[in-house]
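Text of data23.cif (mmCIF, C-alpha atoms) as supplied:
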```cif
data_work
loop_
_atom_site.label_atom_id
_atom_site.label_comp_id
_atom_site.auth_asym_id
_atom_site.auth_seq_id
_atom_site.Cartn_x
_atom_site.Cartn_y
_atom_site.Cartn_z
CA MET A 1 0.00 0.00 0.00
CA SER A 2 1.43 3.32 -0.97
CA VAL A 3 1.18 5.98 1.63
CA SER A 4 1.07 9.60 0.59
CA GLU A 5 3.31 12.15 2.25
CA SER A 6 0.25 14.17 3.30
CA SER A 7 -1.23 11.13 5.02
CA ILE A 8 1.99 10.52 6.94
CA HIS A 9 2.15 14.17 7.89
CA LYS A 10 -1.48 14.08 9.04
CA TYR A 11 -0.90 11.21 11.47
CA GLU A 12 2.29 12.81 12.69
CA LEU A 13 0.41 16.00 13.47
CA LEU A 14 -2.70 14.46 14.98
CA ASP A 15 -1.33 11.55 16.98
CA PRO A 16 1.22 12.32 19.73
CA ASP A 17 2.02 8.61 19.97
CA VAL A 18 3.02 8.61 16.31
CA ARG A 19 5.48 11.38 17.15
CA LEU A 20 6.80 9.31 20.05
CA MET A 21 7.21 6.30 17.78
CA LEU A 22 9.13 8.42 15.30
CA GLN A 23 11.49 9.31 18.15
CA VAL A 24 11.80 5.59 18.91
CA ARG A 25 12.68 5.11 15.23
CA ASP A 26 15.55 7.52 15.85
CA ASP A 27 16.74 5.28 18.73
CA ASP A 28 15.31 7.40 21.54
CA ALA A 29 15.11 4.89 24.43
CA ALA A 30 13.18 7.29 26.68
CA ALA A 31 10.46 7.63 24.02
CA PHE A 32 10.17 3.85 23.87
CA GLU A 33 9.81 3.63 27.65
CA GLU A 34 7.11 6.30 27.50
CA LEU A 35 5.19 4.33 24.84
CA VAL A 36 5.41 1.16 26.95
CA MET A 37 4.04 3.06 29.95
CA ARG A 38 1.19 4.52 27.92
CA TYR A 39 0.07 1.28 26.37
CA GLN A 40 1.09 -1.55 28.69
CA ASN A 41 -2.19 -1.76 30.58
CA ARG A 42 -4.26 -1.59 27.41
CA VAL A 43 -2.20 -4.24 25.64
CA VAL A 44 -2.14 -6.54 28.66
CA GLY A 45 -5.89 -5.97 29.12
CA ILE A 46 -6.76 -7.01 25.57
CA LEU A 47 -4.36 -9.94 25.63
CA THR A 48 -5.75 -11.12 28.97
CA HIS A 49 -9.21 -11.32 27.42
CA LEU A 50 -7.80 -13.15 24.41
CA THR A 51 -5.60 -15.65 26.24
CA ARG A 52 -7.59 -15.85 29.51
CA LYS A 53 -4.30 -16.08 31.36
CA ARG A 54 -2.86 -12.97 32.91
CA GLU A 55 0.70 -14.30 33.10
CA GLN A 56 0.68 -15.36 29.46
CA ALA A 57 -0.88 -12.02 28.53
CA GLU A 58 2.01 -10.17 30.18
CA ASP A 59 4.57 -12.33 28.37
CA LEU A 60 2.82 -11.70 25.06
CA ALA A 61 2.60 -7.97 25.79
CA GLN A 62 6.37 -7.91 26.22
CA GLU A 63 6.67 -9.74 22.92
CA VAL A 64 4.46 -7.06 21.33
CA PHE A 65 6.72 -4.25 22.62
CA LEU A 66 9.81 -6.14 21.51
CA ARG A 67 8.35 -6.39 18.01
CA VAL A 68 7.55 -2.68 18.08
CA TYR A 69 11.16 -1.88 18.92
CA ARG A 70 12.56 -4.29 16.34
CA ALA A 71 10.30 -2.81 13.67
CA ARG A 72 11.17 0.79 14.56
CA LYS A 73 13.43 1.42 11.57
CA ARG A 74 10.69 0.33 9.16
CA TYR A 75 7.96 2.31 10.89
CA THR A 76 5.89 4.57 8.65
CA PRO A 77 2.96 6.44 10.22
CA ASN A 78 0.18 5.38 7.86
CA ALA A 79 -2.39 4.95 10.65
CA LYS A 80 -2.89 5.89 14.28
CA PHE A 81 -0.16 4.42 16.44
CA SER A 82 -2.69 2.40 18.45
CA THR A 83 -4.00 0.79 15.25
CA TRP A 84 -0.48 -0.31 14.33
CA LEU A 85 0.24 -1.51 17.87
CA PHE A 86 -2.95 -3.53 18.21
CA THR A 87 -2.39 -5.08 14.79
CA ILE A 88 0.89 -6.39 16.18
CA ALA A 89 -0.84 -7.47 19.41
CA ASN A 90 -3.52 -9.30 17.43
CA ASN A 91 -0.89 -11.10 15.35
CA VAL A 92 1.12 -12.03 18.44
CA ALA A 93 -2.02 -13.43 20.10
CA LEU A 94 -2.90 -15.43 16.95
CA ASN A 95 0.64 -16.81 16.70
CA ALA A 96 0.56 -17.81 20.36
CA LYS A 97 -2.73 -19.57 19.82
CA ARG A 98 -1.39 -21.42 16.76
CA SER A 99 1.69 -22.39 18.71
CA LEU A 100 -0.46 -23.78 21.50
CA ALA A 101 -2.57 -25.67 18.98
CA ARG A 102 0.56 -27.22 17.48
CA ARG A 103 1.51 -28.47 20.91
CA ARG A 104 -1.98 -29.94 21.30
CA GLU A 105 -2.64 -27.82 24.30
CA VAL A 106 -5.56 -26.07 22.72
CA ASN A 107 -8.62 -25.73 24.85
CA LEU A 108 -11.41 -27.50 23.02
CA GLY A 109 -14.03 -25.42 24.79
CA VAL A 110 -15.66 -22.29 23.50
CA ASP A 111 -12.99 -21.50 20.92
CA ALA A 112 -13.69 -24.67 18.98
CA ARG A 113 -16.92 -23.08 17.72
CA GLY A 114 -17.09 -21.14 14.51
CA ASP A 115 -17.78 -17.44 14.42
CA ASP A 116 -21.48 -17.90 13.87
CA GLY A 117 -21.99 -20.62 16.43
CA PRO A 118 -24.55 -19.99 19.11
CA PRO A 119 -23.20 -18.83 22.47
CA ALA A 120 -22.92 -21.59 25.04
CA LEU A 121 -25.93 -20.44 27.08
CA ASP A 122 -26.32 -23.74 28.91
CA GLN A 123 -22.70 -23.73 29.87
CA MET A 124 -22.96 -20.11 30.91
CA ALA A 125 -25.96 -20.83 33.10
CA LEU A 126 -24.19 -23.76 34.69
CA GLU A 127 -21.10 -21.73 35.46
CA ALA A 128 -23.16 -18.78 36.64
CA SER A 129 -25.32 -20.83 38.97
CA GLY A 130 -22.25 -21.69 40.94
CA LEU A 131 -21.33 -18.04 41.17
CA MET A 132 -24.56 -16.37 42.10
CA PRO A 133 -26.49 -16.72 45.29
CA ALA A 134 -30.18 -15.69 45.40
CA ARG A 135 -29.50 -12.00 45.67
CA GLN A 136 -28.49 -9.09 43.51
CA LEU A 137 -25.28 -9.61 41.69
CA ASP A 138 -22.48 -7.63 43.26
CA LYS A 139 -19.78 -5.95 41.23
CA ALA A 140 -17.33 -8.85 41.31
CA GLU A 141 -20.00 -11.28 40.23
CA ARG A 142 -21.15 -9.01 37.44
CA ALA A 143 -17.57 -8.75 36.27
CA GLU A 144 -17.25 -12.53 36.29
CA MET A 145 -20.51 -12.87 34.37
CA VAL A 146 -19.31 -10.41 31.74
CA ARG A 147 -15.96 -12.17 31.53
CA LEU A 148 -17.71 -15.48 30.89
CA ALA A 149 -19.92 -13.85 28.29
CA ILE A 150 -16.89 -12.41 26.51
CA GLU A 151 -15.20 -15.79 26.57
CA ALA A 152 -18.26 -17.36 25.01
CA LEU A 153 -17.70 -15.26 21.87
CA SER A 154 -15.50 -16.49 19.06
CA GLU A 155 -11.99 -15.08 19.11
CA ARG A 156 -12.57 -12.71 16.19
CA GLN A 157 -15.79 -11.40 17.70
CA ARG A 158 -13.98 -10.90 20.99
CA VAL A 159 -11.10 -8.98 19.41
CA ALA A 160 -13.44 -6.73 17.44
CA LEU A 161 -15.63 -6.10 20.47
CA LEU A 162 -12.70 -5.30 22.78
CA LEU A 163 -11.10 -2.95 20.26
CA SER A 164 -14.40 -1.18 19.80
CA LYS A 165 -15.19 -0.92 23.49
CA PHE A 166 -11.82 -0.31 25.13
CA GLU A 167 -9.82 1.26 22.32
CA ASN A 168 -12.73 3.28 20.93
CA MET A 169 -11.68 2.19 17.47
CA SER A 170 -13.86 3.03 14.50
CA TYR A 171 -14.95 0.30 12.09
CA VAL A 172 -12.23 1.44 9.69
CA GLU A 173 -9.55 1.15 12.38
CA ILE A 174 -10.80 -2.26 13.53
CA ALA A 175 -10.82 -3.41 9.91
CA GLU A 176 -7.20 -2.26 9.53
CA THR A 177 -6.15 -3.88 12.79
CA MET A 178 -7.79 -7.19 12.00
CA GLU A 179 -6.89 -7.04 8.31
CA MET A 180 -10.42 -7.37 7.03
CA THR A 181 -12.91 -5.23 5.11
CA VAL A 182 -15.11 -2.61 6.74
CA PRO A 183 -18.38 -4.40 5.82
CA ALA A 184 -16.97 -7.62 7.30
CA THR A 185 -16.06 -5.73 10.45
CA LYS A 186 -19.54 -4.26 10.67
CA SER A 187 -21.07 -7.70 10.33
CA LEU A 188 -18.64 -9.23 12.84
CA LEU A 189 -19.37 -6.57 15.44
CA SER A 190 -23.09 -6.91 14.91
CA ARG A 191 -22.94 -10.66 15.56
CA ALA A 192 -20.67 -10.12 18.56
CA ARG A 193 -23.06 -7.61 20.11
CA GLU A 194 -26.10 -9.78 19.38
CA ASN A 195 -24.43 -12.82 20.97
CA LEU A 196 -23.42 -10.76 23.97
CA ARG A 197 -26.94 -9.47 24.38
CA ALA A 198 -28.38 -12.99 24.12
CA ILE A 199 -26.01 -14.22 26.81
CA LEU A 200 -26.27 -11.34 29.24
CA GLU A 201 -29.84 -10.17 28.89
CA PRO A 202 -31.37 -12.97 31.03
CA TYR A 203 -29.03 -12.02 33.86
CA MET A 204 -29.75 -8.36 33.51
CA GLN A 205 -33.51 -8.60 33.78
CA ASP A 206 -33.50 -8.82 37.56
CA GLY A 207 -29.93 -9.63 38.48
CA GLN A 208 -30.72 -13.27 39.15
CA SER A 209 -29.44 -16.38 37.50
CA PRO A 210 -31.83 -18.08 35.03
CA THR A 211 -32.45 -20.96 37.41
CA GLU A 212 -33.51 -18.55 40.16
CA ALA A 213 -35.70 -16.63 37.76
CA ALA A 214 -37.42 -19.91 36.82
CA ASP A 215 -38.26 -20.56 40.50
CA MET B 216 -16.01 -18.21 8.39
CA SER B 217 -17.36 -16.52 5.30
CA GLU B 218 -16.99 -12.79 5.53
CA PRO B 219 -19.14 -10.31 3.69
CA ASN B 220 -17.53 -8.61 0.74
CA ASP B 221 -17.74 -4.97 -0.23
CA GLN B 222 -21.06 -5.55 -1.99
CA HIS B 223 -22.49 -6.87 1.27
CA GLU B 224 -25.89 -5.38 2.10
CA THR B 225 -26.22 -4.03 5.60
CA THR B 226 -28.75 -5.97 7.65
CA PHE B 227 -31.03 -4.20 10.07
CA ASP B 228 -29.21 -5.76 13.04
CA GLU B 229 -25.98 -4.29 11.71
CA GLU B 230 -27.69 -0.94 11.34
CA ILE B 231 -28.75 -1.01 15.00
CA ILE B 232 -25.20 -1.64 16.12
CA ALA B 233 -23.78 0.90 13.67
CA TYR B 234 -26.23 3.44 15.09
CA LEU B 235 -25.08 2.72 18.65
CA ASP B 236 -21.44 2.86 17.55
CA GLY B 237 -21.93 6.23 15.85
CA GLU B 238 -21.04 4.75 12.47
CA LEU B 239 -24.14 5.88 10.55
CA ASP B 240 -24.11 9.03 8.45
CA VAL B 241 -26.44 11.92 9.28
CA GLU B 242 -29.20 10.88 6.91
CA ALA B 243 -29.12 7.25 8.11
CA VAL B 244 -29.29 8.44 11.73
CA ARG B 245 -32.34 10.55 10.94
CA ARG B 246 -34.12 7.63 9.28
CA PHE B 247 -33.19 5.26 12.09
CA GLU B 248 -34.38 7.59 14.82
CA ALA B 249 -37.66 8.17 13.01
CA ARG B 250 -38.24 4.43 12.99
CA LEU B 251 -37.11 4.15 16.60
CA ALA B 252 -39.76 6.65 17.67
CA ASP B 253 -42.55 4.48 16.19
CA ASP B 254 -41.27 1.02 17.01
CA ALA B 255 -41.41 -0.03 20.69
CA GLU B 256 -39.83 -3.39 20.00
CA LEU B 257 -36.89 -1.80 18.23
CA CYS B 258 -36.58 0.68 21.07
CA GLN B 259 -36.41 -2.21 23.55
CA GLN B 260 -33.80 -3.98 21.44
CA VAL B 261 -31.62 -0.87 21.29
CA LYS B 262 -31.88 -0.42 25.07
CA GLN B 263 -30.82 -4.03 25.65
CA HIS B 264 -27.80 -3.59 23.40
CA GLN B 265 -26.88 -0.43 25.24
CA ARG B 266 -27.20 -2.14 28.64
CA THR B 267 -25.00 -5.08 27.67
CA TRP B 268 -22.50 -2.66 26.17
CA ASP B 269 -22.38 -0.69 29.41
CA LEU B 270 -21.92 -3.94 31.35
CA LEU B 271 -18.53 -4.38 29.69
CA ASP B 272 -17.33 -1.56 31.94
CA GLU B 273 -17.57 -4.08 34.77
CA LEU B 274 -14.58 -5.94 33.41
CA PRO B 275 -11.51 -5.33 35.57
CA GLN B 276 -8.91 -3.21 33.85
CA ALA B 277 -5.34 -4.41 33.77
CA ASP B 278 -2.88 -2.50 35.92
CA VAL B 279 0.59 -3.90 35.53
CA GLY B 280 2.50 -1.07 37.19
CA GLU B 281 5.97 0.36 36.76
CA GLY B 282 7.67 -2.97 37.37
CA PHE B 283 6.28 -4.20 34.08
CA THR B 284 7.62 -1.15 32.25
CA GLN B 285 11.04 -1.69 33.75
CA THR B 286 11.21 -5.41 32.95
CA THR B 287 9.87 -4.83 29.45
CA VAL B 288 12.46 -2.18 28.64
CA GLU B 289 15.21 -4.36 30.13
CA MET B 290 13.99 -7.42 28.23
CA VAL B 291 13.97 -5.44 24.98
CA ALA B 292 17.46 -4.07 25.71
CA ILE B 293 18.82 -7.57 26.43
CA SER B 294 17.15 -9.01 23.36
CA ILE B 295 18.47 -6.26 21.11
CA GLY B 296 21.92 -6.64 22.72
CA GLU B 297 21.93 -10.37 21.98
CA GLN B 298 20.80 -9.63 18.45
CA VAL B 299 23.64 -7.15 17.98
CA GLU B 300 26.12 -9.63 19.49
CA LYS B 301 24.94 -12.38 17.15
CA ALA B 302 25.21 -10.03 14.19
CA SER B 303 28.67 -9.01 15.35
CA ASP B 304 29.75 -12.66 15.70
CA ARG B 305 28.37 -13.37 12.27
CA ASP B 306 30.23 -10.38 10.83
CA SER B 307 33.38 -11.49 12.61
CA ARG B 308 33.04 -15.00 11.20
CA HIS B 309 32.42 -13.53 7.76
CA ALA B 310 35.48 -11.31 8.14
CA LYS B 311 37.65 -14.28 9.17
CA PHE B 312 36.34 -16.33 6.28
CA ASN B 313 36.97 -13.44 3.90
CA TRP B 314 40.54 -13.06 5.21
CA LEU B 315 41.18 -16.80 4.80
CA LEU B 316 39.66 -16.80 1.35
CA GLY B 317 41.63 -13.71 0.37
CA GLY B 318 44.86 -15.20 1.76
CA SER B 319 44.32 -18.45 -0.10
CA VAL B 320 43.60 -16.64 -3.34
CA ALA B 321 46.70 -14.47 -2.85
CA LEU B 322 48.87 -17.55 -2.15
CA VAL B 323 47.59 -19.41 -5.20
CA ALA B 324 48.04 -16.29 -7.32
CA SER B 325 51.60 -15.86 -5.98
CA LEU B 326 52.49 -19.45 -6.76
CA ALA B 327 50.96 -19.22 -10.20
CA GLY B 328 52.79 -15.96 -10.83
CA TYR B 329 56.07 -17.38 -9.62
CA ALA B 330 55.64 -20.41 -11.84
CA LEU B 331 54.82 -18.24 -14.82
CA VAL B 332 57.72 -15.86 -14.23
CA ALA B 333 60.07 -18.75 -13.54
CA SER B 334 59.05 -20.44 -16.74
CA ILE B 335 59.52 -17.21 -18.71
CA VAL B 336 62.87 -16.48 -17.07
CA SER B 337 64.19 -20.03 -17.53
CA ALA B 338 63.13 -20.28 -21.18
CA PRO B 339 66.37 -18.61 -22.59
CA ASN B 340 68.52 -20.89 -20.40
CA ARG B 341 66.68 -23.90 -21.65
CA GLN B 342 67.29 -22.68 -25.19
CA LEU B 343 71.01 -22.16 -24.40
CA VAL B 344 71.27 -25.74 -23.08
CA GLU B 345 69.57 -27.04 -26.17
CA ASP B 346 71.93 -25.00 -28.37
CA LEU B 347 75.04 -25.81 -26.29
CA ARG B 348 76.53 -28.25 -28.81
CA VAL B 349 76.19 -25.73 -31.58
CA ILE B 350 77.64 -22.90 -29.48
CA GLU B 351 80.62 -24.95 -28.37
CA ASN B 352 81.49 -25.84 -31.93
CA LEU B 353 80.54 -22.54 -33.47
CA ASP B 354 84.11 -21.76 -34.61
CA GLU B 355 84.33 -25.07 -36.48
CA TYR B 356 80.87 -24.59 -38.02
CA ARG B 357 81.93 -21.18 -39.35
CA VAL B 358 84.80 -22.61 -41.39
CA VAL B 359 82.81 -25.56 -42.68
CA GLU B 360 80.10 -24.50 -45.03
CA ASP B 361 78.79 -27.94 -46.05
CA ILE B 362 76.24 -29.43 -43.64
CA GLU B 363 76.65 -32.91 -45.09
CA PHE B 364 80.38 -32.77 -44.30
CA LEU B 365 79.57 -31.85 -40.67
CA ARG B 366 77.08 -34.72 -40.38
CA ALA B 367 79.78 -37.07 -41.65
CA LEU B 368 82.18 -35.77 -39.00
CA GLU B 369 79.50 -36.29 -36.31
CA ARG B 370 78.90 -39.84 -37.46
CA GLU B 371 82.62 -40.42 -37.03
CA GLY B 372 82.23 -39.29 -33.36
CA LEU B 373 84.56 -36.36 -33.74
CA PHE B 374 82.53 -34.00 -31.46
CA ALA B 375 81.37 -36.45 -28.85
CA SER B 376 84.24 -36.21 -26.34
CA GLU B 377 84.38 -32.45 -26.51
CA VAL B 378 80.67 -32.10 -25.92
CA ASN B 379 80.76 -34.52 -23.01
CA ASP B 380 83.62 -32.58 -21.53
CA GLY B 381 81.56 -29.44 -21.79
CA LEU B 382 78.62 -31.01 -20.01
#
```
Please render this file's structure as structure tokens.
Amino acid sequence: MSVSESSIHKYELLDPDVRLMLQVRDDDAAAFEELVMRYQNRVVGILTHLTRKREQAEDLAQEVFLRVYRARKRYTPNAKFSTWLFTIANNVALNAKRSLARRREVNLGVDARGDDGPPALDQMALEASGLMPARQLDKAERAEMVRLAIEALSERQRVALLLSKFENMSYVEIAETMEMTVPATKSLLSRARENLRAILEPYMQDGQSPTEAAD
Amino acid sequence: MSEPNDQHETTFDEEIIAYLDGELDVEAVRRFEARLADDAELCQQVKQHQRTWDLLDELPQADVGEGFTQTTVEMVAISIGEQVEKASDRDSRHAKFNWLLGGSVALVASLAGYALVASIVSAPNRQLVEDLRVIENLDEYRVVEDIEFLRALEREGLFASEVNDGL
């Protein structure tokens, strides 16, 4: 993809993190440290949701920053810095998953479904029933319920949803990050949100688990 | 998974989500909101989507702290250092190989040159050795003009002892 000079200049002007990355390109170690500080929580957060393991997420986040540094000399600001960074993060997460699959350590649970597969509502209810007593869900329980709901989505739906929610990315930016078309992104997000609603809505009606609601 | 292509037609579900995500243009927003005002079921659906979306805020946010920054920067520095060291070793090995190769080529070239020069330099000597019998008897050859007479003398063995003495 050819990138016009005006486009590069635009991102350099508008995005302070692009300017930092350009300093990193010029071997400014302090600028790199600043970028790590700015993005570490966001990268670890996304990777935690993707890998479900905090420790692995931190290792992968370090791999992401290492790749950023190694790629510094080739860096061209043709998008927001966060778009470029999360593209790397997404690729690192996918590689890690493939590597796990090769070692036959893949979890044959929710991820074995296709993108359009129905959310595991029965499984969700089962897991939730162990979590929720007959009372209003407290914050920790709500968080656990949401985490389970997120995990019930396919990986691509999860990535798109997290980028939209926590990185405030537009459809165009998500499409760039996930290397897909904008219409495909729109469709993916729609299915992700619909699945999420189907999973969470029963719990949101009155804050009780489905089994309690049935009683 | 089959993904929609660019000619993909937006479904109404997608339009609902695009509306909530602020991805509709002004005219599409106006049309959507007009429909929303008249459609209680749609209104309920939009509210549910908004509620589940807001619930995502319940997810705990990662907070890795300064220790992570420090270890990440150190890890990157070590990794880059190792990379540089490997590259340096590789360059060093290449340099050694190049020196050896260059030395070998120079040695072979020197030997070849010496052989060539030696052969050129020794060529006149070889010629002198070959012509020695003639040179030694040059005075006699000058006074005898008939080659057949000389051959007869040679057959008689007249020059043999003198030549052997010379050698």
**Request:** Name the residues that the PyMOL selection byres ((chain A) within 8 of (chain B)) pulls out of this structure, and write them as a PyMOL selection string.
**Result:** chain A and resi 33+36-37+40-42+44-45+62+65-66+69-70+114-116+139+142-144+146-147+165+170-171+181-184+186-187+189-190+193-194+196-197+200-201
**Item:** Selection dump of the PyMOL selection byres ((chain A and resi 19) around 12), as a list in words
**Value:**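 After applying the PyMOL selection byres ((chain A and resi 19) around 12), what remains is Ile8, His9, Lys10, Tyr11, Glu12, Leu13, Leu14, Asp15, Pro16, Asp17, Val18, Leu20, Met21, Leu22, Gln23, Val24, Arg25, Asp26, Asp28, Ala31, Phe32, Glu34, Leu35, Tyr75, Thr76, Pro77, Lys80 and Phe81 of chain A.
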Output the selection as a PDB file, in the frame of the given file - C-alpha atoms for each residue.
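Written file, result17.pdb:
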```
ATOM      1  CA  ILE A   8       1.990  10.520   6.940  1.00  0.00           C
ATOM      2  CA  HIS A   9       2.150  14.170   7.890  1.00  0.00           C
ATOM      3  CA  LYS A  10      -1.480  14.080   9.040  1.00  0.00           C
ATOM      4  CA  TYR A  11      -0.900  11.210  11.470  1.00  0.00           C
ATOM      5  CA  GLU A  12       2.290  12.810  12.690  1.00  0.00           C
ATOM      6  CA  LEU A  13       0.410  16.000  13.470  1.00  0.00           C
ATOM      7  CA  LEU A  14      -2.700  14.460  14.980  1.00  0.00           C
ATOM      8  CA  ASP A  15      -1.330  11.550  16.980  1.00  0.00           C
ATOM      9  CA  PRO A  16       1.220  12.320  19.730  1.00  0.00           C
ATOM     10  CA  ASP A  17       2.020   8.610  19.970  1.00  0.00           C
ATOM     11  CA  VAL A  18       3.020   8.610  16.310  1.00  0.00           C
ATOM     12  CA  LEU A  20       6.800   9.310  20.050  1.00  0.00           C
ATOM     13  CA  MET A  21       7.210   6.300  17.780  1.00  0.00           C
ATOM     14  CA  LEU A  22       9.130   8.420  15.300  1.00  0.00           C
ATOM     15  CA  GLN A  23      11.490   9.310  18.150  1.00  0.00           C
ATOM     16  CA  VAL A  24      11.800   5.590  18.910  1.00  0.00           C
ATOM     17  CA  ARG A  25      12.680   5.110  15.230  1.00  0.00           C
ATOM     18  CA  ASP A  26      15.550   7.520  15.850  1.00  0.00           C
ATOM     19  CA  ASP A  28      15.310   7.400  21.540  1.00  0.00           C
ATOM     20  CA  ALA A  31      10.460   7.630  24.020  1.00  0.00           C
ATOM     21  CA  PHE A  32      10.170   3.850  23.870  1.00  0.00           C
ATOM     22  CA  GLU A  34       7.110   6.300  27.500  1.00  0.00           C
ATOM     23  CA  LEU A  35       5.190   4.330  24.840  1.00  0.00           C
ATOM     24  CA  TYR A  75       7.960   2.310  10.890  1.00  0.00           C
ATOM     25  CA  THR A  76       5.890   4.570   8.650  1.00  0.00           C
ATOM     26  CA  PRO A  77       2.960   6.440  10.220  1.00  0.00           C
ATOM     27  CA  LYS A  80      -2.890   5.890  14.280  1.00  0.00           C
ATOM     28  CA  PHE A  81      -0.160   4.420  16.440  1.00  0.00           C
TER      29      PHE A  81
END
```
**Message:** So the first atom is atom CA of A:Ile174 and the second is atom CA of A:Ala160; what is the distance between them in Å, to one decimal place?
**Reply:**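 Interatomic distance, atom CA of A:Ile174 to atom CA of A:Ala160: 6.5 Å.
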**Asked** If we count all atoms listed in the file, what is near A:Glu176 at a cut-off of 10 Å, once residues fewer than 3 positions away on the same chain are taken out, given as number ranges by chain?
**Response** A: 79, 83-84, 86-87, 170-173, 179-182, 185
**Separation of atom CA of B:Ile362 from atom CA of B:Glu345, in Å and rounded to one decimal** = 18.9 Å
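Closest approach to A:Val43 among A:Leu60, A:Ala101, A:Ala198, A:Ala175: A:Leu60, based on only C-alpha atoms.
For the pair atom CA of A:Glu151 and atom CA of B:Leu257, the separation is 27.1 Å.
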**Request:** Tell me which protein, DNA and RNA residues are within 8 Å of A:Val159, counting all atoms listed in the file, leaving out same-chain ones fewer than 3 positions away, and put them as JSON, numbers by chain.
**Result:** {"A": [46, 50, 90, 155, 156, 162, 163]}
